[in-house]
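Visitor: Provided below: structure-v6.pdb, containing PDB, C-alpha atoms.
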```
ATOM      1  CA  MET B   1      51.670 -32.496 -25.932
ATOM      2  CA  TYR B   2      48.100 -31.394 -25.271
ATOM      3  CA  GLN B   3      48.155 -29.132 -28.364
ATOM      4  CA  ILE B   4      49.378 -32.025 -30.538
ATOM      5  CA  LEU B   5      46.478 -34.144 -29.311
ATOM      6  CA  VAL B   6      44.008 -31.338 -30.047
ATOM      7  CA  ILE B   7      45.401 -30.930 -33.583
ATOM      8  CA  ALA B   8      45.313 -34.708 -34.246
ATOM      9  CA  HIS B   9      41.753 -34.888 -32.901
ATOM     10  CA  ILE B  10      40.608 -31.994 -35.095
ATOM     11  CA  ILE B  11      42.309 -33.445 -38.195
ATOM     12  CA  GLY B  12      40.635 -36.824 -37.523
ATOM     13  CA  THR B  13      37.219 -35.199 -37.169
ATOM     14  CA  VAL B  14      37.710 -33.018 -40.250
ATOM     15  CA  LEU B  15      38.766 -36.012 -42.383
ATOM     16  CA  GLY B  16      35.835 -38.060 -41.086
ATOM     17  CA  VAL B  17      33.172 -35.389 -41.488
ATOM     18  CA  GLY B  18      34.602 -34.287 -44.853
ATOM     19  CA  GLY B  19      34.985 -37.863 -46.097
ATOM     20  CA  ALA B  20      31.427 -38.819 -45.081
ATOM     21  CA  THR B  21      29.957 -35.626 -46.588
ATOM     22  CA  PHE B  22      31.780 -35.821 -49.900
ATOM     23  CA  ALA B  23      31.208 -39.582 -50.186
ATOM     24  CA  GLU B  24      27.462 -38.938 -49.961
ATOM     25  CA  ILE B  25      27.496 -35.927 -52.327
ATOM     26  CA  PHE B  26      29.551 -37.864 -54.841
ATOM     27  CA  HIS B  27      27.362 -40.964 -54.459
ATOM     28  CA  ILE B  28      24.197 -38.937 -55.147
ATOM     29  CA  ARG B  29      25.894 -37.327 -58.148
ATOM     30  CA  ALA B  30      27.128 -40.695 -59.423
ATOM     31  CA  MET B  31      23.635 -42.182 -59.123
ATOM     32  CA  ARG B  32      22.046 -39.434 -61.245
ATOM     33  CA  ASP B  33      22.368 -41.697 -64.296
ATOM     34  CA  GLY B  34      21.437 -44.764 -62.205
ATOM     35  CA  VAL B  35      24.886 -46.395 -62.530
ATOM     36  CA  VAL B  36      28.135 -46.081 -60.575
ATOM     37  CA  THR B  37      30.916 -46.360 -63.171
ATOM     38  CA  ASP B  38      34.341 -47.882 -62.431
ATOM     39  CA  GLU B  39      35.907 -44.436 -62.273
ATOM     40  CA  GLU B  40      33.224 -43.160 -59.879
ATOM     41  CA  SER B  41      33.698 -46.296 -57.781
ATOM     42  CA  VAL B  42      37.444 -45.591 -57.495
ATOM     43  CA  THR B  43      36.730 -42.008 -56.378
ATOM     44  CA  LEU B  44      34.212 -43.233 -53.779
ATOM     45  CA  LYS B  45      36.791 -45.706 -52.440
ATOM     46  CA  ILE B  46      39.221 -42.800 -51.958
ATOM     47  CA  PHE B  47      36.587 -40.926 -49.908
ATOM     48  CA  TYR B  48      35.956 -44.044 -47.787
ATOM     49  CA  THR B  49      39.706 -44.428 -47.195
ATOM     50  CA  VAL B  50      39.944 -40.789 -46.066
ATOM     51  CA  LEU B  51      36.968 -41.408 -43.775
ATOM     52  CA  ARG B  52      38.633 -44.482 -42.222
ATOM     53  CA  VAL B  53      41.909 -42.614 -41.679
ATOM     54  CA  GLY B  54      39.856 -39.921 -39.937
ATOM     55  CA  LEU B  55      38.177 -42.513 -37.721
ATOM     56  CA  VAL B  56      41.536 -44.053 -36.712
ATOM     57  CA  LEU B  57      42.981 -40.607 -35.900
ATOM     58  CA  LEU B  58      39.851 -39.620 -33.979
ATOM     59  CA  VAL B  59      39.845 -42.796 -31.867
ATOM     60  CA  LEU B  60      43.599 -42.808 -31.166
ATOM     61  CA  SER B  61      43.745 -39.110 -30.252
ATOM     62  CA  GLY B  62      40.504 -39.457 -28.266
ATOM     63  CA  PHE B  63      41.943 -42.232 -26.124
ATOM     64  CA  ALA B  64      45.201 -40.276 -25.825
ATOM     65  CA  PHE B  65      43.084 -37.489 -24.275
ATOM     66  CA  LEU B  66      41.635 -39.994 -21.806
ATOM     67  CA  ILE B  67      45.158 -41.123 -20.853
ATOM     68  CA  TYR B  68      46.149 -37.470 -20.448
ATOM     69  CA  PHE B  69      43.166 -36.795 -18.150
ATOM     70  CA  ARG B  70      43.990 -39.911 -16.106
ATOM     71  CA  LEU B  71      47.673 -39.067 -15.698
ATOM     72  CA  GLU B  72      47.024 -35.378 -14.970
ATOM     73  CA  GLY B  73      44.467 -36.157 -12.252
ATOM     74  CA  HIS B  74      41.399 -34.968 -14.195
ATOM     75  CA  GLU B  75      39.522 -38.268 -13.882
ATOM     76  CA  LYS B  76      36.211 -36.484 -13.318
ATOM     77  CA  TYR B  77      36.101 -35.692 -17.061
ATOM     78  CA  LEU B  78      35.874 -39.415 -17.769
ATOM     79  CA  TYR B  79      32.335 -39.507 -16.306
ATOM     80  CA  ASN B  80      31.154 -36.599 -18.445
ATOM     81  CA  PRO B  81      27.874 -37.584 -20.202
ATOM     82  CA  LYS B  82      29.017 -35.713 -23.332
ATOM     83  CA  LEU B  83      32.152 -37.872 -23.499
ATOM     84  CA  TRP B  84      30.134 -41.110 -23.159
ATOM     85  CA  ALA B  85      27.633 -39.989 -25.787
ATOM     86  CA  LYS B  86      30.519 -39.178 -28.122
ATOM     87  CA  MET B  87      32.217 -42.546 -27.495
ATOM     88  CA  ILE B  88      28.991 -44.474 -28.129
ATOM     89  CA  ILE B  89      28.290 -42.476 -31.304
ATOM     90  CA  VAL B  90      31.845 -43.002 -32.618
ATOM     91  CA  PHE B  91      31.411 -46.736 -31.879
ATOM     92  CA  ILE B  92      28.180 -46.701 -33.934
ATOM     93  CA  ILE B  93      30.128 -45.531 -37.040
ATOM     94  CA  PRO B  94      32.067 -48.813 -37.620
ATOM     95  CA  ILE B  95      29.100 -50.951 -36.484
ATOM     96  CA  ASN B  96      26.913 -49.164 -39.059
ATOM     97  CA  ALA B  97      29.570 -49.761 -41.739
ATOM     98  CA  ILE B  98      29.690 -53.490 -40.934
ATOM     99  CA  LEU B  99      25.891 -53.864 -40.887
ATOM    100  CA  PHE B 100      25.659 -52.043 -44.223
ATOM    101  CA  GLN B 101      28.389 -54.235 -45.714
ATOM    102  CA  ILE B 102      26.527 -57.447 -44.754
ATOM    103  CA  LYS B 103      23.233 -55.902 -45.960
ATOM    104  CA  LYS B 104      21.578 -56.006 -42.532
ATOM    105  CA  ILE B 105      20.733 -52.332 -42.723
ATOM    106  CA  PRO B 106      19.277 -50.518 -45.772
ATOM    107  CA  ALA B 107      21.193 -47.717 -47.513
ATOM    108  CA  TRP B 108      18.451 -45.158 -46.733
ATOM    109  CA  LEU B 109      19.216 -45.656 -43.020
ATOM    110  CA  ALA B 110      22.969 -46.426 -43.098
ATOM    111  CA  THR B 111      23.874 -43.157 -44.854
ATOM    112  CA  PRO B 112      22.031 -40.830 -42.428
ATOM    113  CA  ILE B 113      23.426 -42.797 -39.468
ATOM    114  CA  SER B 114      26.976 -42.277 -40.791
ATOM    115  CA  LEU B 115      26.487 -38.580 -41.607
ATOM    116  CA  THR B 116      24.638 -37.772 -38.366
ATOM    117  CA  SER B 117      27.197 -39.669 -36.262
ATOM    118  CA  TRP B 118      30.107 -37.751 -37.766
ATOM    119  CA  TYR B 119      28.408 -34.372 -37.408
ATOM    120  CA  THR B 120      27.273 -35.176 -33.842
ATOM    121  CA  ALA B 121      30.856 -36.123 -32.935
ATOM    122  CA  LEU B 122      31.992 -32.799 -34.405
ATOM    123  CA  ILE B 123      29.362 -30.775 -32.519
ATOM    124  CA  LEU B 124      30.032 -32.583 -29.222
ATOM    125  CA  GLY B 125      33.744 -31.924 -29.688
ATOM    126  CA  VAL B 126      33.259 -28.208 -30.362
ATOM    127  CA  TYR B 127      30.843 -27.454 -27.494
ATOM    128  CA  ARG B 128      32.779 -27.864 -24.272
ATOM    129  CA  THR B 129      29.784 -27.394 -22.003
ATOM    130  CA  ILE B 130      26.598 -28.934 -23.306
ATOM    131  CA  PRO B 131      23.852 -28.685 -20.675
ATOM    132  CA  TYR B 132      22.204 -31.977 -21.678
ATOM    133  CA  SER B 133      22.204 -35.405 -20.096
ATOM    134  CA  PHE B 134      23.394 -38.567 -21.876
ATOM    135  CA  VAL B 135      19.787 -39.597 -22.639
ATOM    136  CA  GLU B 136      18.931 -36.148 -24.023
ATOM    137  CA  ILE B 137      22.012 -36.095 -26.276
ATOM    138  CA  MET B 138      21.221 -39.585 -27.599
ATOM    139  CA  GLY B 139      17.564 -38.587 -28.099
ATOM    140  CA  ILE B 140      18.560 -35.549 -30.181
ATOM    141  CA  TYR B 141      21.014 -37.756 -32.087
ATOM    142  CA  LEU B 142      18.324 -40.341 -32.950
ATOM    143  CA  ALA B 143      15.855 -37.634 -33.978
ATOM    144  CA  SER B 144      18.557 -36.036 -36.171
ATOM    145  CA  ILE B 145      19.099 -39.357 -37.966
ATOM    146  CA  LEU B 146      15.431 -39.363 -38.982
ATOM    147  CA  VAL B 147      15.582 -35.717 -40.115
ATOM    148  CA  ILE B 148      18.741 -36.338 -42.185
ATOM    149  CA  ALA B 149      17.136 -39.491 -43.654
ATOM    150  CA  LEU B 150      14.142 -37.407 -44.778
ATOM    151  CA  VAL B 151      16.358 -34.678 -46.260
ATOM    152  CA  LEU B 152      18.480 -37.214 -48.169
ATOM    153  CA  TRP B 153      15.343 -38.986 -49.386
ATOM    154  CA  ARG B 154      14.008 -35.688 -50.746
ATOM    155  CA  ILE B 155      17.322 -34.904 -52.473
ATOM    156  CA  LYS B 156      17.541 -38.364 -54.055
ATOM    157  CA  ASP B 157      13.881 -38.180 -55.051
ATOM    158  CA  HIS B 158      14.518 -34.848 -56.743
ATOM    159  CA  TYR B 159      17.449 -36.270 -58.726
ATOM    160  CA  SER B 160      15.590 -39.414 -59.775
ATOM    161  CA  LEU B 161      12.609 -37.301 -60.964
ATOM    162  CA  SER B 162      14.893 -35.046 -63.012
ATOM    163  CA  ARG B 163      16.511 -38.175 -64.495
ATOM    164  CA  ILE B 164      13.110 -39.552 -65.568
ATOM    165  CA  LYS B 165      12.146 -36.168 -67.080
ATOM    166  CA  SER B 166      15.355 -36.001 -69.124
TER     167      SER B 166
ATOM    168  CA  MET M   1      57.428 -40.796 -16.847
ATOM    169  CA  THR M   2      57.689 -43.915 -14.745
ATOM    170  CA  ILE M   3      57.710 -47.427 -16.168
ATOM    171  CA  LEU M   4      54.296 -47.972 -14.572
ATOM    172  CA  TYR M   5      52.728 -45.141 -16.524
ATOM    173  CA  ALA M   6      54.540 -46.303 -19.671
ATOM    174  CA  MET M   7      52.950 -49.729 -19.141
ATOM    175  CA  LEU M   8      49.506 -48.176 -18.642
ATOM    176  CA  ILE M   9      49.880 -46.199 -21.889
ATOM    177  CA  LEU M  10      51.191 -49.289 -23.725
ATOM    178  CA  HIS M  11      48.223 -51.313 -22.383
ATOM    179  CA  ILE M  12      45.720 -48.797 -23.763
ATOM    180  CA  ILE M  13      47.397 -48.058 -27.110
ATOM    181  CA  THR M  14      48.131 -51.697 -27.996
ATOM    182  CA  GLY M  15      44.587 -52.644 -26.961
ATOM    183  CA  LEU M  16      43.212 -49.966 -29.310
ATOM    184  CA  ILE M  17      45.473 -51.078 -32.166
ATOM    185  CA  GLY M  18      44.219 -54.644 -31.585
ATOM    186  CA  VAL M  19      40.575 -53.525 -31.737
ATOM    187  CA  MET M  20      41.164 -51.484 -34.910
ATOM    188  CA  SER M  21      43.034 -54.373 -36.535
ATOM    189  CA  ALA M  22      40.117 -56.691 -35.686
ATOM    190  CA  PHE M  23      37.765 -54.184 -37.355
ATOM    191  CA  SER M  24      39.975 -54.044 -40.481
ATOM    192  CA  MET M  25      40.028 -57.854 -40.534
ATOM    193  CA  LEU M  26      36.244 -57.989 -40.244
ATOM    194  CA  ILE M  27      35.821 -55.548 -43.150
ATOM    195  CA  GLY M  28      38.344 -57.713 -45.058
ATOM    196  CA  PHE M  29      36.244 -60.841 -44.484
ATOM    197  CA  LEU M  30      33.109 -59.021 -45.679
ATOM    198  CA  ARG M  31      34.638 -58.204 -49.071
ATOM    199  CA  ARG M  32      33.303 -60.276 -51.959
ATOM    200  CA  VAL M  33      36.853 -61.509 -52.589
ATOM    201  CA  PRO M  34      38.887 -61.184 -49.366
ATOM    202  CA  LYS M  35      42.571 -60.298 -49.716
ATOM    203  CA  ILE M  36      44.294 -63.168 -47.895
ATOM    204  CA  GLY M  37      47.602 -61.312 -47.508
ATOM    205  CA  ALA M  38      45.852 -58.386 -45.811
ATOM    206  CA  LEU M  39      43.885 -60.737 -43.542
ATOM    207  CA  LYS M  40      47.105 -62.462 -42.478
ATOM    208  CA  GLY M  41      48.754 -59.098 -41.778
ATOM    209  CA  TRP M  42      45.849 -57.681 -39.751
ATOM    210  CA  SER M  43      45.436 -60.930 -37.816
ATOM    211  CA  LEU M  44      49.113 -60.876 -36.822
ATOM    212  CA  VAL M  45      48.947 -57.197 -35.787
ATOM    213  CA  SER M  46      45.766 -57.900 -33.821
ATOM    214  CA  ALA M  47      47.136 -60.970 -31.989
ATOM    215  CA  ILE M  48      50.513 -59.352 -31.173
ATOM    216  CA  SER M  49      48.841 -56.111 -29.992
ATOM    217  CA  PHE M  50      46.450 -57.938 -27.672
ATOM    218  CA  ILE M  51      49.298 -60.036 -26.209
ATOM    219  CA  LEU M  52      51.314 -56.851 -25.569
ATOM    220  CA  SER M  53      48.240 -55.221 -24.028
ATOM    221  CA  TRP M  54      47.757 -58.295 -21.829
ATOM    222  CA  ILE M  55      51.387 -58.278 -20.598
ATOM    223  CA  SER M  56      51.551 -54.507 -19.971
ATOM    224  CA  GLY M  57      48.117 -54.501 -18.307
ATOM    225  CA  ALA M  58      49.135 -57.378 -16.051
ATOM    226  CA  TYR M  59      52.369 -55.574 -15.097
ATOM    227  CA  TYR M  60      50.450 -52.416 -14.142
ATOM    228  CA  TYR M  61      47.729 -54.372 -12.335
ATOM    229  CA  VAL M  62      50.038 -56.555 -10.232
ATOM    230  CA  LEU M  63      52.642 -53.914  -9.338
ATOM    231  CA  TYR M  64      50.473 -50.812  -8.967
ATOM    232  CA  TYR M  65      46.710 -51.083  -9.408
ATOM    233  CA  GLY M  66      46.003 -53.562  -6.585
ATOM    234  CA  GLY M  67      47.900 -51.636  -3.910
ATOM    235  CA  ASN M  68      47.358 -48.030  -5.021
ATOM    236  CA  VAL M  69      44.408 -47.572  -7.381
ATOM    237  CA  LYS M  70      41.962 -50.192  -6.109
ATOM    238  CA  PRO M  71      41.731 -48.753  -2.540
ATOM    239  CA  ILE M  72      40.983 -45.273  -3.975
ATOM    240  CA  ILE M  73      38.175 -46.632  -6.159
ATOM    241  CA  LEU M  74      36.696 -48.664  -3.289
ATOM    242  CA  LYS M  75      36.615 -45.541  -1.088
ATOM    243  CA  SER M  76      35.190 -43.354  -3.865
ATOM    244  CA  ALA M  77      31.523 -42.840  -4.788
ATOM    245  CA  TYR M  78      31.952 -45.492  -7.487
ATOM    246  CA  PRO M  79      33.141 -48.720  -5.771
ATOM    247  CA  TRP M  80      31.234 -50.733  -8.404
ATOM    248  CA  ALA M  81      33.848 -49.562 -10.930
ATOM    249  CA  HIS M  82      36.218 -52.084  -9.330
ATOM    250  CA  GLN M  83      33.809 -54.570  -7.746
ATOM    251  CA  ILE M  84      31.821 -55.170 -10.932
ATOM    252  CA  VAL M  85      33.505 -53.549 -13.937
ATOM    253  CA  MET M  86      37.162 -54.381 -13.177
ATOM    254  CA  GLU M  87      36.330 -57.856 -11.855
ATOM    255  CA  ALA M  88      34.444 -58.584 -15.089
ATOM    256  CA  LYS M  89      37.087 -56.906 -17.263
ATOM    257  CA  GLU M  90      40.069 -58.812 -15.875
ATOM    258  CA  HIS M  91      38.387 -62.148 -16.569
ATOM    259  CA  VAL M  92      36.519 -61.441 -19.803
ATOM    260  CA  PHE M  93      39.603 -59.741 -21.311
ATOM    261  CA  LEU M  94      41.420 -63.085 -21.390
ATOM    262  CA  PHE M  95      39.178 -64.241 -24.222
ATOM    263  CA  ILE M  96      40.470 -61.518 -26.532
ATOM    264  CA  PRO M  97      44.181 -62.408 -26.954
ATOM    265  CA  LEU M  98      43.426 -66.127 -27.037
ATOM    266  CA  VAL M  99      40.609 -65.865 -29.595
ATOM    267  CA  SER M 100      42.653 -63.462 -31.721
ATOM    268  CA  ILE M 101      45.500 -66.023 -31.736
ATOM    269  CA  VAL M 102      42.967 -68.687 -32.825
ATOM    270  CA  VAL M 103      41.755 -66.389 -35.641
ATOM    271  CA  SER M 104      45.330 -65.758 -36.755
ATOM    272  CA  ILE M 105      46.166 -69.474 -36.784
ATOM    273  CA  GLY M 106      42.886 -70.161 -38.637
ATOM    274  CA  ILE M 107      43.687 -67.601 -41.345
ATOM    275  CA  PHE M 108      47.243 -68.882 -41.821
ATOM    276  CA  LEU M 109      46.120 -72.534 -41.955
ATOM    277  CA  ALA M 110      43.122 -71.945 -44.226
ATOM    278  CA  GLY M 111      44.996 -69.525 -46.524
ATOM    279  CA  GLU M 112      43.442 -69.367 -49.995
ATOM    280  CA  ASP M 113      40.717 -71.861 -48.931
ATOM    281  CA  ILE M 114      38.956 -68.887 -47.298
ATOM    282  CA  LEU M 115      38.017 -67.740 -50.826
ATOM    283  CA  ASN M 116      36.047 -70.906 -51.626
ATOM    284  CA  ASP M 117      35.199 -72.478 -48.258
ATOM    285  CA  LYS M 118      32.217 -70.434 -47.036
ATOM    286  CA  PRO M 119      31.818 -72.151 -43.624
ATOM    287  CA  ILE M 120      35.464 -71.486 -42.674
ATOM    288  CA  LYS M 121      35.207 -67.875 -43.879
ATOM    289  CA  LYS M 122      31.986 -67.361 -41.922
ATOM    290  CA  SER M 123      33.387 -68.960 -38.742
ATOM    291  CA  LEU M 124      36.551 -66.838 -38.835
ATOM    292  CA  ALA M 125      34.486 -63.704 -39.534
ATOM    293  CA  TRP M 126      32.245 -64.432 -36.523
ATOM    294  CA  LEU M 127      35.261 -64.995 -34.262
ATOM    295  CA  THR M 128      36.739 -61.700 -35.496
ATOM    296  CA  ALA M 129      33.441 -59.910 -34.822
ATOM    297  CA  PHE M 130      33.500 -61.395 -31.312
ATOM    298  CA  VAL M 131      37.034 -60.047 -30.737
ATOM    299  CA  PHE M 132      36.059 -56.601 -32.084
ATOM    300  CA  ILE M 133      32.859 -56.221 -30.030
ATOM    301  CA  LEU M 134      34.481 -57.566 -26.868
ATOM    302  CA  GLY M 135      37.480 -55.288 -27.463
ATOM    303  CA  VAL M 136      35.244 -52.218 -27.670
ATOM    304  CA  VAL M 137      33.306 -53.202 -24.528
ATOM    305  CA  ILE M 138      36.561 -53.788 -22.621
ATOM    306  CA  SER M 139      37.920 -50.413 -23.821
ATOM    307  CA  LEU M 140      34.806 -48.616 -22.551
ATOM    308  CA  ALA M 141      35.071 -50.544 -19.287
ATOM    309  CA  GLY M 142      38.657 -49.273 -18.953
ATOM    310  CA  VAL M 143      37.437 -45.677 -19.321
ATOM    311  CA  GLY M 144      34.776 -46.321 -16.666
ATOM    312  CA  ILE M 145      37.353 -47.704 -14.232
ATOM    313  CA  SER M 146      39.812 -44.841 -14.817
ATOM    314  CA  GLY M 147      37.053 -42.301 -14.226
ATOM    315  CA  ALA M 148      36.411 -43.722 -10.769
ATOM    316  CA  VAL M 149      39.960 -43.048  -9.513
ATOM    317  CA  ARG M 150      39.105 -40.017  -7.355
ATOM    318  CA  GLY M 151      40.384 -39.567  -3.878
TER     319      GLY M 151
END
```
I'd like the structure from this file rewritten - as structure tokens, please.

Guide:
Amino acid sequence: MYQILVIAHIIGTVLGVGGATFAEIFHIRAMRDGVVTDEESVTLKIFYTVLRVGLVLLVLSGFAFLIYFRLEGHEKYLYNPKLWAKMIIVFIIPINAILFQIKKIPAWLATPISLTSWYTALILGVYRTIPYSFVEIMGIYLASILVIALVLWRIKDHYSLSRIKS
Amino acid sequence: MTILYAMLILHIITGLIGVMSAFSMLIGFLRRVPKIGALKGWSLVSAISFILSWISGAYYYVLYYGGNVKPIILKSAYPWAHQIVMEAKEHVFLFIPLVSIVVSIGIFLAGEDILNDKPIKKSLAWLTAFVFILGVVISLAGVGISGAVRG
């Protein structure tokens, strides 16, 4: 049972991280000519669907782990700061999507929040013993969002400059 | 597996399905042209899941938690997990199934009017957001309470 949960959790994370990454790569590529065509829009929707399936799998398998810990008498894991950081960050993913949808958060911030959240969830899942407190993990997470925002801004800037030149 | 543990698992899983359905509904409302059929479907799944979570949670609470789990938490290093978190959870939770039923009834009664009537669409979307946010907070509270069960 435990192995099934691990596999489901990994598949969820892989779909989420992969979906978020390829959605952004494809979006940047689609915006090279300044317009997202109908066909590109359909492809992006597929990536977003994959991402949502990943999120559902991640959340369901994650809570299944919590049930497993509770029933097996490993309740101490439920107060692990890494677990709480991961839960808060996974909660930020749908909140970010909603805020972006109602235009309460700009694209330059929503995209790095999504990408950083997915990658942070992946890293927190891989490292079993992270010697950082909840506040430290969240601090690194927030700083990473800014770094990713800068990197994406540079990439998009590069593409828009090459578009103007051509 | 005993029926008590089955009820605990049902409580958690149906609660999660309810929260995820509320999120899907919210995204549905935020579309330029909401799909009414999908909204009706998600609202039904959400309401039914929260009712099931309510019943199974109540079964576990009345028959097991009060006599077996609560004393362990109160004697542990985290008595606040029951005194504050559980006390708040068991009362605040009641909003969720009832509001989700209201949302479901609202969607079924309004039907296609949701497409043109902005105030009704906005009101239902806000109620759904309330269910979603409260559902997430209650889920995290549940994790906090479970983590305090240490003898």

Visitor: Mind listing as a VMD selection string which residues of chain B are within 12 Å of chain M, counting all atoms listed in the file?

Guide: chain B and resid 49 52 to 53 55 to 81 83 to 88 90 to 103

Visitor: Which one is closest to M:His91: M:Ile138, M:Val69, M:Val103, M:Tyr59? Count all atoms listed in the file.

Guide: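 Among M:Ile138, M:Val69, M:Val103, M:Tyr59, it is M:Ile138 that comes nearest to M:His91.
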
Visitor: So that all listed atoms of stretch 145-149 of chain B fit with 5 Å spare on each side, what axis-aligned box centre and edge lengths in Å, to one decimal, would you give as JSON?

Guide:
```
{"center_x": 17.3, "center_y": -37.6, "center_z": -40.8, "size_x": 13.7, "size_y": 13.8, "size_z": 15.7}
```

Visitor: Given the file shown, determine the residues that the PyMOL selection byres ((chain B and resi 18-35) around 10) selects; report them as an mmCIF file with C-alpha atoms, in the coordinates of the input.

Guide:
```cif
data_model
loop_
_atom_site.group_PDB
_atom_site.id
_atom_site.type_symbol
_atom_site.label_atom_id
_atom_site.label_comp_id
_atom_site.auth_asym_id
_atom_site.auth_seq_id
_atom_site.Cartn_x
_atom_site.Cartn_y
_atom_site.Cartn_z
ATOM 1 C CA GLY B 12 40.635 -36.824 -37.523
ATOM 2 C CA THR B 13 37.219 -35.199 -37.169
ATOM 3 C CA VAL B 14 37.710 -33.018 -40.250
ATOM 4 C CA LEU B 15 38.766 -36.012 -42.383
ATOM 5 C CA GLY B 16 35.835 -38.060 -41.086
ATOM 6 C CA VAL B 17 33.172 -35.389 -41.488
ATOM 7 C CA VAL B 36 28.135 -46.081 -60.575
ATOM 8 C CA THR B 37 30.916 -46.360 -63.171
ATOM 9 C CA ASP B 38 34.341 -47.882 -62.431
ATOM 10 C CA GLU B 39 35.907 -44.436 -62.273
ATOM 11 C CA GLU B 40 33.224 -43.160 -59.879
ATOM 12 C CA SER B 41 33.698 -46.296 -57.781
ATOM 13 C CA THR B 43 36.730 -42.008 -56.378
ATOM 14 C CA LEU B 44 34.212 -43.233 -53.779
ATOM 15 C CA LYS B 45 36.791 -45.706 -52.440
ATOM 16 C CA ILE B 46 39.221 -42.800 -51.958
ATOM 17 C CA PHE B 47 36.587 -40.926 -49.908
ATOM 18 C CA TYR B 48 35.956 -44.044 -47.787
ATOM 19 C CA THR B 49 39.706 -44.428 -47.195
ATOM 20 C CA VAL B 50 39.944 -40.789 -46.066
ATOM 21 C CA LEU B 51 36.968 -41.408 -43.775
ATOM 22 C CA ARG B 52 38.633 -44.482 -42.222
ATOM 23 C CA VAL B 53 41.909 -42.614 -41.679
ATOM 24 C CA GLY B 54 39.856 -39.921 -39.937
ATOM 25 C CA THR B 111 23.874 -43.157 -44.854
ATOM 26 C CA PRO B 112 22.031 -40.830 -42.428
ATOM 27 C CA SER B 114 26.976 -42.277 -40.791
ATOM 28 C CA LEU B 115 26.487 -38.580 -41.607
ATOM 29 C CA THR B 116 24.638 -37.772 -38.366
ATOM 30 C CA SER B 117 27.197 -39.669 -36.262
ATOM 31 C CA TRP B 118 30.107 -37.751 -37.766
ATOM 32 C CA TYR B 119 28.408 -34.372 -37.408
ATOM 33 C CA LEU B 152 18.480 -37.214 -48.169
ATOM 34 C CA ILE B 155 17.322 -34.904 -52.473
ATOM 35 C CA LYS B 156 17.541 -38.364 -54.055
ATOM 36 C CA HIS B 158 14.518 -34.848 -56.743
ATOM 37 C CA TYR B 159 17.449 -36.270 -58.726
ATOM 38 C CA SER B 160 15.590 -39.414 -59.775
ATOM 39 C CA LEU B 161 12.609 -37.301 -60.964
ATOM 40 C CA SER B 162 14.893 -35.046 -63.012
ATOM 41 C CA ARG B 163 16.511 -38.175 -64.495
ATOM 42 C CA ILE B 164 13.110 -39.552 -65.568
#
```

Visitor: So what does the PyMOL selection byres ((chain B and resi 146) around 12) actually pick up in this one, as a PDB file with C-alpha atoms, keeping the file's coordinate frame?

Guide:
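Output saved as selection10.pdb:
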```
ATOM      1  CA  TRP B 108      18.451 -45.158 -46.733  1.00  0.00           C
ATOM      2  CA  LEU B 109      19.216 -45.656 -43.020  1.00  0.00           C
ATOM      3  CA  ALA B 110      22.969 -46.426 -43.098  1.00  0.00           C
ATOM      4  CA  THR B 111      23.874 -43.157 -44.854  1.00  0.00           C
ATOM      5  CA  PRO B 112      22.031 -40.830 -42.428  1.00  0.00           C
ATOM      6  CA  ILE B 113      23.426 -42.797 -39.468  1.00  0.00           C
ATOM      7  CA  LEU B 115      26.487 -38.580 -41.607  1.00  0.00           C
ATOM      8  CA  THR B 116      24.638 -37.772 -38.366  1.00  0.00           C
ATOM      9  CA  GLY B 139      17.564 -38.587 -28.099  1.00  0.00           C
ATOM     10  CA  ILE B 140      18.560 -35.549 -30.181  1.00  0.00           C
ATOM     11  CA  TYR B 141      21.014 -37.756 -32.087  1.00  0.00           C
ATOM     12  CA  LEU B 142      18.324 -40.341 -32.950  1.00  0.00           C
ATOM     13  CA  ALA B 143      15.855 -37.634 -33.978  1.00  0.00           C
ATOM     14  CA  SER B 144      18.557 -36.036 -36.171  1.00  0.00           C
ATOM     15  CA  ILE B 145      19.099 -39.357 -37.966  1.00  0.00           C
ATOM     16  CA  VAL B 147      15.582 -35.717 -40.115  1.00  0.00           C
ATOM     17  CA  ILE B 148      18.741 -36.338 -42.185  1.00  0.00           C
ATOM     18  CA  ALA B 149      17.136 -39.491 -43.654  1.00  0.00           C
ATOM     19  CA  LEU B 150      14.142 -37.407 -44.778  1.00  0.00           C
ATOM     20  CA  VAL B 151      16.358 -34.678 -46.260  1.00  0.00           C
ATOM     21  CA  LEU B 152      18.480 -37.214 -48.169  1.00  0.00           C
ATOM     22  CA  TRP B 153      15.343 -38.986 -49.386  1.00  0.00           C
TER      23      TRP B 153
END
```

Visitor: So what do you get for atom CA of M:Met7 versus atom CA of M:Ala47, distance-wise?

Guide: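 Interatomic distance here is 18.0 Å.
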
Visitor: M:Val33: which residues within 10 Å, counting only C-alpha atoms, same-chain residues fewer than 6 positions away excluded, as a list in words?

Guide: Ile114, Leu115 and Asn116 of chain M

Visitor: Kindly indicate which residue among M:Leu10, M:Lys89, M:Ile107, M:Val62 lies nearest to M:Gly41, using only C-alpha atoms for the distances.

Guide: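 Closest candidate: M:Ile107.
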
Visitor: What is the atom CA of M:Ala81 to atom CA of M:Ala141 distance in Å?

Guide: 8.5 Å

Visitor: Once the PyMOL selection byres ((chain M and resi 50) around 10) is applied to the coordinates I shared, what remains selected? I want it as a VMD selection string.

Guide: chain M and resid 11 to 19 44 to 49 51 to 56 93 to 94 96 to 98 100 to 101 135

Visitor: Taking into account all atoms listed in the file, which residue in the set M:Lys70, M:Lys40, M:Lys118, M:Lys75 is nearest to M:Glu87?

Guide: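 Ranking M:Lys70, M:Lys40, M:Lys118, M:Lys75 by distance to M:Glu87, first place goes to M:Lys70.
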
Visitor: Could you state the separation of atom CA of B:Ile123 and atom CA of B:Ile7 in Å, given to one decimal place?

Guide: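 Between these atoms lies a distance of 16.1 Å.
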